[in-house]
>>> print(open('entry.txt').read())   # compact mmCIF, C-alpha atoms and all ligand atoms
# COMPACT_ATOMS: atom_id res chain seq x y z
CA MET A 1 65.91 -154.84 -125.12
CA LEU A 2 63.42 -155.48 -122.36
CA PHE A 3 59.69 -154.83 -122.65
CA ASP A 4 57.92 -154.18 -119.35
CA SER A 5 54.35 -155.09 -120.25
CA HIS A 6 52.85 -153.75 -117.02
CA ALA A 7 54.06 -150.86 -114.85
CA HIS A 8 52.41 -148.05 -112.93
CA ILE A 9 54.50 -145.05 -113.83
CA ASN A 10 51.19 -143.33 -113.06
CA TYR A 11 51.36 -144.55 -109.42
CA ASP A 12 49.61 -141.90 -107.33
CA GLY A 13 51.96 -142.39 -104.37
CA TYR A 14 55.00 -141.00 -106.24
CA ASP A 15 56.13 -137.50 -105.38
CA ASP A 16 57.77 -135.49 -108.19
CA ALA A 17 61.31 -136.66 -107.36
CA GLU A 18 60.28 -140.34 -107.17
CA LEU A 19 58.52 -140.10 -110.53
CA ARG A 20 61.57 -138.42 -112.09
CA ASN A 21 63.80 -141.17 -110.65
CA ALA A 22 61.57 -143.96 -111.95
CA ILE A 23 61.67 -142.42 -115.44
CA ALA A 24 65.43 -141.71 -115.34
CA ALA A 25 66.06 -145.33 -114.26
CA ILE A 26 64.13 -146.60 -117.30
CA GLU A 27 65.96 -144.26 -119.68
CA ALA A 28 69.37 -145.41 -118.32
CA SER A 29 68.47 -149.11 -118.64
CA ASP A 30 67.86 -151.82 -121.26
CA VAL A 31 64.11 -151.27 -120.98
CA GLY A 32 63.12 -150.18 -124.47
CA ALA A 33 59.37 -150.04 -123.88
CA ALA A 34 56.87 -150.10 -121.03
CA VAL A 35 53.10 -150.03 -120.80
CA ASP A 36 51.86 -147.59 -118.15
CA VAL A 37 48.67 -149.25 -116.94
CA GLY A 38 45.65 -147.36 -115.59
CA PHE A 39 43.73 -148.49 -112.50
CA ASP A 40 41.20 -145.63 -112.34
CA ILE A 41 40.33 -142.57 -114.43
CA LYS A 42 43.02 -140.32 -112.98
CA SER A 43 45.81 -142.87 -113.49
CA SER A 44 44.52 -143.59 -117.00
CA VAL A 45 44.75 -139.87 -117.82
CA ALA A 46 48.32 -139.89 -116.43
CA ALA A 47 49.21 -142.96 -118.51
CA VAL A 48 48.00 -141.23 -121.69
CA ALA A 49 50.07 -138.14 -120.77
CA HIS A 50 53.18 -140.27 -120.17
CA ALA A 51 52.70 -142.04 -123.50
CA ALA A 52 52.51 -138.66 -125.25
CA LYS A 53 55.67 -137.46 -123.52
CA TYR A 54 58.04 -140.47 -123.61
CA PRO A 55 58.70 -142.36 -126.85
CA TRP A 56 59.23 -145.67 -125.00
CA CYS A 57 55.95 -145.36 -123.09
CA TYR A 58 52.56 -146.78 -124.11
CA ALA A 59 49.29 -146.46 -122.24
CA ALA A 60 46.56 -148.82 -121.09
CA VAL A 61 43.36 -147.23 -119.80
CA GLY A 62 40.98 -148.96 -117.43
CA VAL A 63 39.45 -149.23 -113.99
CA HIS A 64 40.72 -151.87 -111.55
CA PRO A 65 38.16 -154.07 -109.74
CA HIS A 66 39.10 -152.37 -106.43
CA GLU A 67 37.72 -149.13 -107.90
CA ALA A 68 34.53 -150.65 -109.33
CA ALA A 69 32.26 -149.31 -106.56
CA LYS A 70 33.30 -145.75 -107.50
CA MET A 71 32.44 -146.17 -111.22
CA ASP A 72 29.51 -144.43 -112.88
CA GLU A 73 28.29 -143.61 -116.41
CA ASP A 74 30.18 -140.32 -116.60
CA LYS A 75 33.46 -141.99 -115.69
CA PHE A 76 32.78 -144.78 -118.17
CA ALA A 77 32.18 -142.19 -120.92
CA ARG A 78 35.48 -140.54 -119.99
CA LEU A 79 37.22 -143.92 -120.19
CA ALA A 80 35.74 -144.55 -123.65
CA GLU A 81 37.07 -141.14 -124.71
CA LEU A 82 40.52 -141.94 -123.30
CA SER A 83 40.61 -145.24 -125.19
CA ARG A 84 40.69 -143.22 -128.44
CA MET A 85 43.75 -141.16 -127.50
CA ALA A 86 47.15 -141.54 -129.18
CA GLY A 87 49.50 -144.01 -127.52
CA VAL A 88 46.73 -146.16 -126.03
CA VAL A 89 47.51 -149.81 -126.79
CA ALA A 90 45.10 -151.62 -124.44
CA ILE A 91 42.18 -151.53 -122.03
CA GLY A 92 43.37 -152.35 -118.53
CA GLU A 93 43.80 -153.25 -115.93
CA ILE A 94 40.34 -154.73 -115.54
CA GLY A 95 39.07 -157.91 -113.94
CA LEU A 96 38.01 -159.37 -110.61
CA ASP A 97 39.62 -159.43 -107.17
CA TYR A 98 37.86 -161.52 -104.51
CA TYR A 99 40.99 -161.64 -102.35
CA ARG A 100 40.71 -158.09 -101.07
CA ASN A 101 37.08 -157.57 -102.17
CA LEU A 102 37.46 -153.78 -101.94
CA SER A 103 34.39 -153.38 -104.15
CA PRO A 104 31.24 -155.55 -103.96
CA LYS A 105 31.30 -158.49 -106.40
CA GLU A 106 28.21 -157.16 -108.21
CA ASP A 107 29.95 -153.86 -109.00
CA GLN A 108 33.11 -155.68 -110.06
CA HIS A 109 31.08 -157.81 -112.50
CA VAL A 110 29.15 -154.88 -114.01
CA TRP A 111 32.20 -152.75 -114.77
CA PHE A 112 34.36 -155.69 -115.83
CA ARG A 113 31.74 -156.59 -118.44
CA ARG A 114 31.35 -153.01 -119.62
CA GLN A 115 35.10 -152.62 -120.04
CA ILE A 116 35.44 -155.95 -121.87
CA ARG A 117 32.76 -154.70 -124.30
CA LEU A 118 34.69 -151.45 -124.72
CA GLY A 119 37.80 -153.48 -125.59
CA LEU A 120 35.78 -155.54 -128.08
CA GLU A 121 34.24 -152.46 -129.72
CA ARG A 122 37.55 -150.65 -129.92
CA ARG A 123 39.37 -153.85 -130.99
CA LEU A 124 41.97 -153.19 -128.31
CA PRO A 125 43.91 -155.79 -126.32
CA ILE A 126 42.64 -156.29 -122.75
CA ILE A 127 44.89 -156.56 -119.68
CA ILE A 128 43.33 -158.77 -117.02
CA HIS A 129 43.77 -158.66 -113.25
CA ASP A 130 42.47 -161.90 -111.71
CA ARG A 131 42.88 -162.65 -108.04
CA ASP A 132 41.00 -165.51 -106.37
CA SER A 133 37.97 -165.13 -108.66
CA GLU A 134 37.30 -168.89 -108.65
CA GLY A 135 36.99 -169.04 -112.41
CA ASP A 136 34.57 -166.10 -112.71
CA THR A 137 37.10 -163.98 -114.64
CA MET A 138 37.54 -166.52 -117.43
CA ASN A 139 33.80 -167.37 -117.44
CA ILE A 140 32.83 -163.71 -117.90
CA LEU A 141 35.45 -163.24 -120.66
CA VAL A 142 34.00 -166.26 -122.47
CA GLU A 143 30.38 -165.09 -121.95
CA GLU A 144 31.24 -161.68 -123.37
CA GLY A 145 32.78 -163.24 -126.49
CA ALA A 146 36.31 -162.11 -125.70
CA PHE A 147 37.71 -165.37 -127.09
CA GLY A 148 35.32 -165.44 -130.08
CA SER A 149 36.34 -165.80 -133.71
CA GLU A 150 35.53 -162.16 -134.54
CA ARG A 151 37.83 -161.04 -131.77
CA ARG A 152 40.62 -163.41 -132.84
CA ALA A 153 40.48 -162.09 -136.40
CA ALA A 154 41.44 -158.62 -135.12
CA PHE A 155 44.84 -159.73 -133.78
CA PRO A 156 47.97 -161.06 -135.47
CA LYS A 157 48.53 -164.81 -135.27
CA ASN A 158 51.63 -166.11 -133.58
CA PRO A 159 53.96 -166.74 -136.55
CA GLN A 160 55.90 -169.45 -134.68
CA THR A 161 52.93 -171.57 -133.66
CA GLY A 162 50.21 -170.37 -136.06
CA ARG A 163 47.99 -169.99 -132.99
CA GLU A 164 45.39 -167.22 -133.00
CA SER A 165 45.46 -164.50 -130.37
CA ALA A 166 42.36 -163.12 -128.68
CA GLY A 167 44.31 -160.07 -127.46
CA ILE A 168 43.85 -161.03 -123.81
CA LEU A 169 46.79 -160.66 -121.43
CA LEU A 170 46.64 -162.43 -118.07
CA HIS A 171 48.78 -160.05 -116.05
CA CYS A 172 50.92 -161.29 -113.13
CA PHE A 173 49.71 -164.82 -113.79
CA SER A 174 49.26 -166.68 -110.50
CA GLY A 175 47.48 -169.86 -111.62
CA SER A 176 48.98 -173.30 -112.22
CA ALA A 177 50.98 -174.44 -115.24
CA GLU A 178 47.96 -176.54 -116.36
CA GLN A 179 45.71 -173.46 -116.20
CA ALA A 180 48.29 -171.39 -118.09
CA LEU A 181 48.33 -173.95 -120.92
CA GLU A 182 44.51 -174.07 -121.02
CA CYS A 183 44.33 -170.27 -121.22
CA ILE A 184 46.90 -170.22 -124.04
CA GLU A 185 44.86 -172.86 -125.86
CA MET A 186 41.88 -170.45 -125.68
CA GLY A 187 43.92 -167.59 -127.18
CA ALA A 188 45.24 -165.80 -124.08
CA THR A 189 48.79 -164.58 -123.47
CA ILE A 190 50.53 -165.00 -120.10
CA SER A 191 52.55 -162.30 -118.36
CA ILE A 192 54.98 -163.24 -115.61
CA ALA A 193 55.99 -160.80 -112.85
CA GLY A 194 58.56 -160.62 -110.04
CA PRO A 195 57.05 -163.33 -107.79
CA VAL A 196 58.56 -165.98 -110.12
CA THR A 197 61.90 -165.07 -108.50
CA TYR A 198 60.66 -165.88 -104.96
CA LYS A 199 62.21 -169.12 -103.72
CA LYS A 200 58.99 -170.63 -102.35
CA ASN A 201 56.90 -169.86 -105.43
CA ILE A 202 57.08 -173.29 -107.03
CA LYS A 203 53.72 -172.81 -108.78
CA THR A 204 54.84 -169.84 -110.89
CA ALA A 205 58.26 -171.42 -111.48
CA LEU A 206 56.40 -174.33 -113.10
CA VAL A 207 54.34 -171.90 -115.20
CA ALA A 208 57.56 -170.27 -116.45
CA GLU A 209 59.14 -173.65 -117.13
CA ARG A 210 56.22 -175.19 -119.03
CA THR A 211 54.65 -172.27 -120.86
CA PRO A 212 56.13 -171.88 -124.34
CA LEU A 213 58.25 -168.74 -124.66
CA SER A 214 56.15 -167.89 -127.72
CA HIS A 215 53.21 -167.01 -125.41
CA LEU A 216 55.01 -165.24 -122.57
CA LEU A 217 55.43 -161.59 -121.70
CA ILE A 218 57.30 -160.17 -118.71
CA GLU A 219 56.36 -157.31 -116.42
CA THR A 220 57.20 -155.57 -113.16
CA ASP A 221 53.82 -154.25 -111.91
CA ALA A 222 56.09 -151.49 -110.53
CA PRO A 223 56.11 -150.04 -107.91
CA TYR A 224 54.70 -153.31 -106.49
CA LEU A 225 56.08 -156.85 -106.44
CA ALA A 226 59.83 -156.19 -106.73
CA PRO A 227 61.73 -159.34 -107.76
CA GLU A 228 64.64 -160.81 -105.83
CA PRO A 229 67.13 -159.35 -104.91
CA PHE A 230 64.95 -156.27 -104.35
CA ARG A 231 61.96 -158.00 -102.76
CA GLY A 232 60.11 -155.70 -100.36
CA LYS A 233 61.60 -152.54 -101.91
CA PRO A 234 59.88 -150.22 -104.41
CA ASN A 235 59.94 -151.84 -107.83
CA ILE A 236 61.04 -150.07 -111.05
CA SER A 237 60.82 -151.21 -114.68
CA PRO A 238 64.57 -152.06 -115.08
CA TYR A 239 64.09 -154.85 -112.49
CA VAL A 240 62.11 -156.73 -115.13
CA TYR A 241 65.56 -158.06 -116.08
CA TYR A 242 65.53 -160.27 -112.93
CA THR A 243 62.26 -161.83 -114.02
CA ALA A 244 63.70 -162.51 -117.49
CA LYS A 245 66.82 -164.01 -115.87
CA ARG A 246 64.78 -166.33 -113.64
CA ILE A 247 62.64 -167.51 -116.56
CA ALA A 248 65.83 -168.19 -118.53
CA GLU A 249 67.22 -170.28 -115.65
CA LEU A 250 63.98 -172.23 -115.36
CA LYS A 251 63.86 -172.91 -119.10
CA GLY A 252 67.58 -173.60 -119.36
CA VAL A 253 68.10 -170.96 -122.06
CA ASP A 254 70.15 -167.79 -122.31
CA VAL A 255 68.61 -164.65 -120.81
CA ALA A 256 69.09 -162.92 -124.19
CA GLU A 257 66.68 -165.44 -125.72
CA VAL A 258 64.01 -164.58 -123.14
CA GLU A 259 64.60 -160.85 -123.64
CA THR A 260 64.27 -161.10 -127.41
CA ALA A 261 61.24 -163.40 -127.38
CA THR A 262 59.29 -161.35 -124.84
CA TRP A 263 60.20 -158.13 -126.67
CA VAL A 264 58.92 -159.49 -129.98
CA ASN A 265 55.83 -161.02 -128.33
CA ALA A 266 54.90 -157.79 -126.54
CA ARG A 267 55.22 -155.70 -129.68
CA ARG A 268 53.03 -158.16 -131.56
CA PHE A 269 50.53 -158.40 -128.69
CA PHE A 270 50.12 -154.62 -128.38
CA ARG A 271 50.42 -154.18 -132.18
CA ILE A 272 53.35 -151.76 -131.90
CA GLU A 273 55.05 -151.30 -135.28
ZN ZN B 1 48.98 -153.52 -111.94
>>> encode(input="entry.txt", output="structure tokens")
Amino acid sequence: MLFDSHAHINYDGYDDAELRNAIAAIEASDVGAAVDVGFDIKSSVAAVAHAAKYPWCYAAVGVHPHEAAKMDEDKFARLAELSRMAGVVAIGEIGLDYYRNLSPKEDQHVWFRRQIRLGLERRLPIIIHDRDSEGDTMNILVEEGAFGSERRAAFPKNPQTGRESAGILLHCFSGSAEQALECIEMGATISIAGPVTYKKNIKTALVAERTPLSHLLIETDAPYLAPEPFRGKPNISPYVYYTAKRIAELKGVDVAEVETATWVNARRFFRIE
């Protein structure tokens, strides 16, 4: 069974037929679970609705840094309300994006901090989007106590390594292998997406090779970032298999081992019984 830890089944560009196809493709595949991840209030509402409707679907609710400039207190109150709904397993995706800078840095910081605090209060895992933030994402997480001992006590330890988890998922990890190991040391979990299959992406190949399987999840970020051999096409959750296959090649293990480990890890991370 494959666990897609990050998909946008709530993608607002889908028409009805495309949404039906994306769902039918999941139901006909080896994907046994997927987290539908919010990027604004509307998509968070959709994620909660999908989680209520499909037994394999779980929801994350949150506002992406691109949308930070549009946030206000009313929307934040709505988000807090959504975080209490059935099927919600995480706050996300939240973080910082200085690459596209679609919202001013100040707004990104304010709403990132508020949403981290919501995750701490609600004792929910947090899904992090970090693009070119020059260390600010990790610094803010540390400042807000997201790696603190109180936080770690709320999440199950990794039974293989005995390492504590802070319930922080670094989605579509794009840093170096050294950074990945440092983040794991702090209590974070790494999620690898389709770009690991791109020939020129040596950096992420090294992350997949050197990061212990015990701390890895896999994801599509569908409909974005389709892996090879579908690069450039719309991505769907079943393609997460190609990411698992590439990680298996890089680690020199069977793909079944990657599937099983990432399935078990994701269920533990999101505390799904
Ligand atoms: Zn995403």
>>> atom_distance(input="entry.txt", atom1="atom CA of Ser191 of chain A", atom2="atom CA of Val61 of chain A")
17.7 Å
>>> residues_around(input="entry.txt", residues="segment 144-161 of chain A", least_positions_apart="3", cutoff="9 Å", atoms="all atoms listed in the file", output="list of chain:residue names")
A:Arg113, A:Ile116, A:Arg117, A:Gly119, A:Leu120, A:Arg123, A:Leu124, A:Pro125, A:Asn139, A:Ile140, A:Leu141, A:Glu164, A:Ser165, A:Ala166, A:Gly167, A:Ile168, A:Met186, A:Gly187, A:Ala188, A:Ser214, A:His215, A:Asn265, A:Arg268, A:Phe269, A:Arg271
>>> residues_around(input="entry.txt", residues="segment 65-69 of chain A", least_positions_apart="5", cutoff="6 Å", atoms="all atoms listed in the file", output="list of chain:residue names")
A:Gly95, A:Leu96, A:Leu102, A:Ser103, A:Asp107, A:Gln108
>>> residues_near_ligand(input="entry.txt", ligand="ligand ZN 1 (chain B)", cutoff="7 Å", atoms="all atoms listed in the file", output="NGL selection string")
:A and (6-8 or 37 or 93 or 221)
>>> closest_residue(input="entry.txt", among="A:Glu219, A:Asp136, A:Glu73, A:Glu228", to="Glu259 of chain A", atoms="only C-alpha atoms")
A:Glu219
>>> closest_residue(input="entry.txt", among="A:Leu250, A:Leu79, A:Val89, A:Ala205", to="Arg267 of chain A", atoms="all atoms listed in the file")
A:Val89
>>> closest_residue(input="entry.txt", among="A:Leu213, A:Leu170, A:Ala22, A:Leu181", to="Ala193 of chain A", atoms="all atoms listed in the file")
A:Leu170
>>> closest_residue(input="entry.txt", among="A:Glu18, A:Glu209, A:Asp40, A:Glu185", to="Val63 of chain A", atoms="all atoms listed in the file")
A:Asp40
>>> closest_residue(input="entry.txt", among="A:Arg78, A:Ala34, A:Val45, A:Glu143", to="His109 of chain A", atoms="all atoms listed in the file")
A:Glu143
>>> residues_around(input="entry.txt", residues="Ala25 of chain A", least_positions_apart="6", cutoff="8 Å", atoms="all atoms listed in the file", output="list in words")
Ile236, Ser237 and Pro238 of chain A
>>> axis_aligned_box(input="entry.txt", around="segment 201-220 of chain A", padding_each_side="6 Å", output="AutoDock Vina command-line options")
--center_x 56.2 --center_y -165.4 --center_z -116.6 --size_x 17.9 --size_y 31.6 --size_z 34.3
>>> atom_distance(input="entry.txt", atom1="atom CA of Arg131 of chain A", atom2="atom CA of Asp97 of chain A")
4.7 Å
>>> atom_distance(input="entry.txt", atom1="atom CA of Asn235 of chain A", atom2="atom CA of Asn21 of chain A")
11.7 Å
>>> closest_residue(input="entry.txt", among="A:Val35, A:Asn201, A:Gly87, A:Ser174", to="Thr220 of chain A", atoms="all atoms listed in the file")
A:Val35
>>> residues_around(input="entry.txt", residues="Ala47 of chain A", least_positions_apart="3", cutoff="10 Å", atoms="all atoms listed in the file", output="list in words")
Ala7, His8, Ile9, Asn10, Tyr11, Val35, Asp36, Val37, Gly38, Phe39, Ile41, Lys42, Ser43, Ser44, His50, Ala51, Ala52, Lys53, Cys57, Tyr58, Ala59, Ala60, Val61, Leu82, Gly87 and Val88 of chain A
>>> build_atoms(input="entry.txt", residues="segment 6-33 of chain A", atoms="N, CA and C atoms", output="tab-separated table (two decimals), in the frame of the given file")
chain	number	residue	atom	x	y	z
A	6	HIS	N	53.80	-154.24	-118.02
A	6	HIS	CA	52.85	-153.75	-117.02
A	6	HIS	C	53.59	-153.00	-115.91
A	7	ALA	N	53.47	-151.68	-115.91
A	7	ALA	CA	54.06	-150.86	-114.85
A	7	ALA	C	53.09	-149.74	-114.52
A	8	HIS	N	53.23	-149.21	-113.31
A	8	HIS	CA	52.41	-148.05	-112.93
A	8	HIS	C	53.32	-146.85	-112.73
A	9	ILE	N	53.73	-146.29	-113.87
A	9	ILE	CA	54.50	-145.05	-113.83
A	9	ILE	C	53.55	-143.94	-113.34
A	10	ASN	N	52.26	-144.23	-113.50
A	10	ASN	CA	51.19	-143.33	-113.06
A	10	ASN	C	50.85	-143.51	-111.57
A	11	TYR	N	51.63	-144.27	-110.83
A	11	TYR	CA	51.36	-144.55	-109.42
A	11	TYR	C	51.11	-143.25	-108.65
A	12	ASP	N	49.98	-143.18	-107.95
A	12	ASP	CA	49.61	-141.90	-107.33
A	12	ASP	C	50.38	-141.62	-106.02
A	13	GLY	N	51.15	-142.60	-105.57
A	13	GLY	CA	51.96	-142.39	-104.37
A	13	GLY	C	53.33	-141.76	-104.64
A	14	TYR	N	53.70	-141.62	-105.92
A	14	TYR	CA	55.00	-141.00	-106.24
A	14	TYR	C	54.95	-139.50	-106.00
A	15	ASP	N	55.99	-138.95	-105.34
A	15	ASP	CA	56.13	-137.50	-105.38
A	15	ASP	C	56.93	-137.16	-106.65
A	16	ASP	N	57.14	-135.88	-106.92
A	16	ASP	CA	57.77	-135.49	-108.19
A	16	ASP	C	59.16	-136.11	-108.37
A	17	ALA	N	59.95	-136.12	-107.28
A	17	ALA	CA	61.31	-136.66	-107.36
A	17	ALA	C	61.28	-138.16	-107.62
A	18	GLU	N	60.37	-138.88	-106.97
A	18	GLU	CA	60.28	-140.34	-107.17
A	18	GLU	C	59.87	-140.67	-108.61
A	19	LEU	N	58.94	-139.88	-109.14
A	19	LEU	CA	58.52	-140.10	-110.53
A	19	LEU	C	59.69	-139.84	-111.48
A	20	ARG	N	60.41	-138.73	-111.24
A	20	ARG	CA	61.57	-138.42	-112.09
A	20	ARG	C	62.60	-139.55	-112.02
A	21	ASN	N	62.83	-140.08	-110.82
A	21	ASN	CA	63.80	-141.17	-110.65
A	21	ASN	C	63.36	-142.43	-111.38
A	22	ALA	N	62.08	-142.75	-111.28
A	22	ALA	CA	61.57	-143.96	-111.95
A	22	ALA	C	61.77	-143.83	-113.47
A	23	ILE	N	61.53	-142.65	-114.00
A	23	ILE	CA	61.67	-142.42	-115.44
A	23	ILE	C	63.15	-142.41	-115.84
A	24	ALA	N	63.99	-141.75	-115.03
A	24	ALA	CA	65.43	-141.71	-115.34
A	24	ALA	C	66.01	-143.12	-115.31
A	25	ALA	N	65.55	-143.95	-114.37
A	25	ALA	CA	66.06	-145.33	-114.26
A	25	ALA	C	65.72	-146.11	-115.54
A	26	ILE	N	64.52	-145.91	-116.07
A	26	ILE	CA	64.13	-146.60	-117.30
A	26	ILE	C	65.03	-146.13	-118.45
A	27	GLU	N	65.21	-144.81	-118.54
A	27	GLU	CA	65.96	-144.26	-119.68
A	27	GLU	C	67.45	-144.64	-119.64
A	28	ALA	N	67.96	-145.00	-118.44
A	28	ALA	CA	69.37	-145.41	-118.32
A	28	ALA	C	69.53	-146.92	-118.44
A	29	SER	N	68.43	-147.64	-118.69
A	29	SER	CA	68.47	-149.11	-118.64
A	29	SER	C	68.24	-149.73	-120.03
A	30	ASP	N	68.16	-151.07	-120.04
A	30	ASP	CA	67.86	-151.82	-121.26
A	30	ASP	C	66.37	-151.91	-121.55
A	31	VAL	N	65.56	-151.24	-120.73
A	31	VAL	CA	64.11	-151.27	-120.98
A	31	VAL	C	63.83	-150.34	-122.17
A	32	GLY	N	63.36	-150.96	-123.26
A	32	GLY	CA	63.12	-150.18	-124.47
A	32	GLY	C	61.68	-149.76	-124.61
A	33	ALA	N	60.79	-150.38	-123.82
A	33	ALA	CA	59.37	-150.04	-123.88
A	33	ALA	C	58.68	-150.50	-122.60
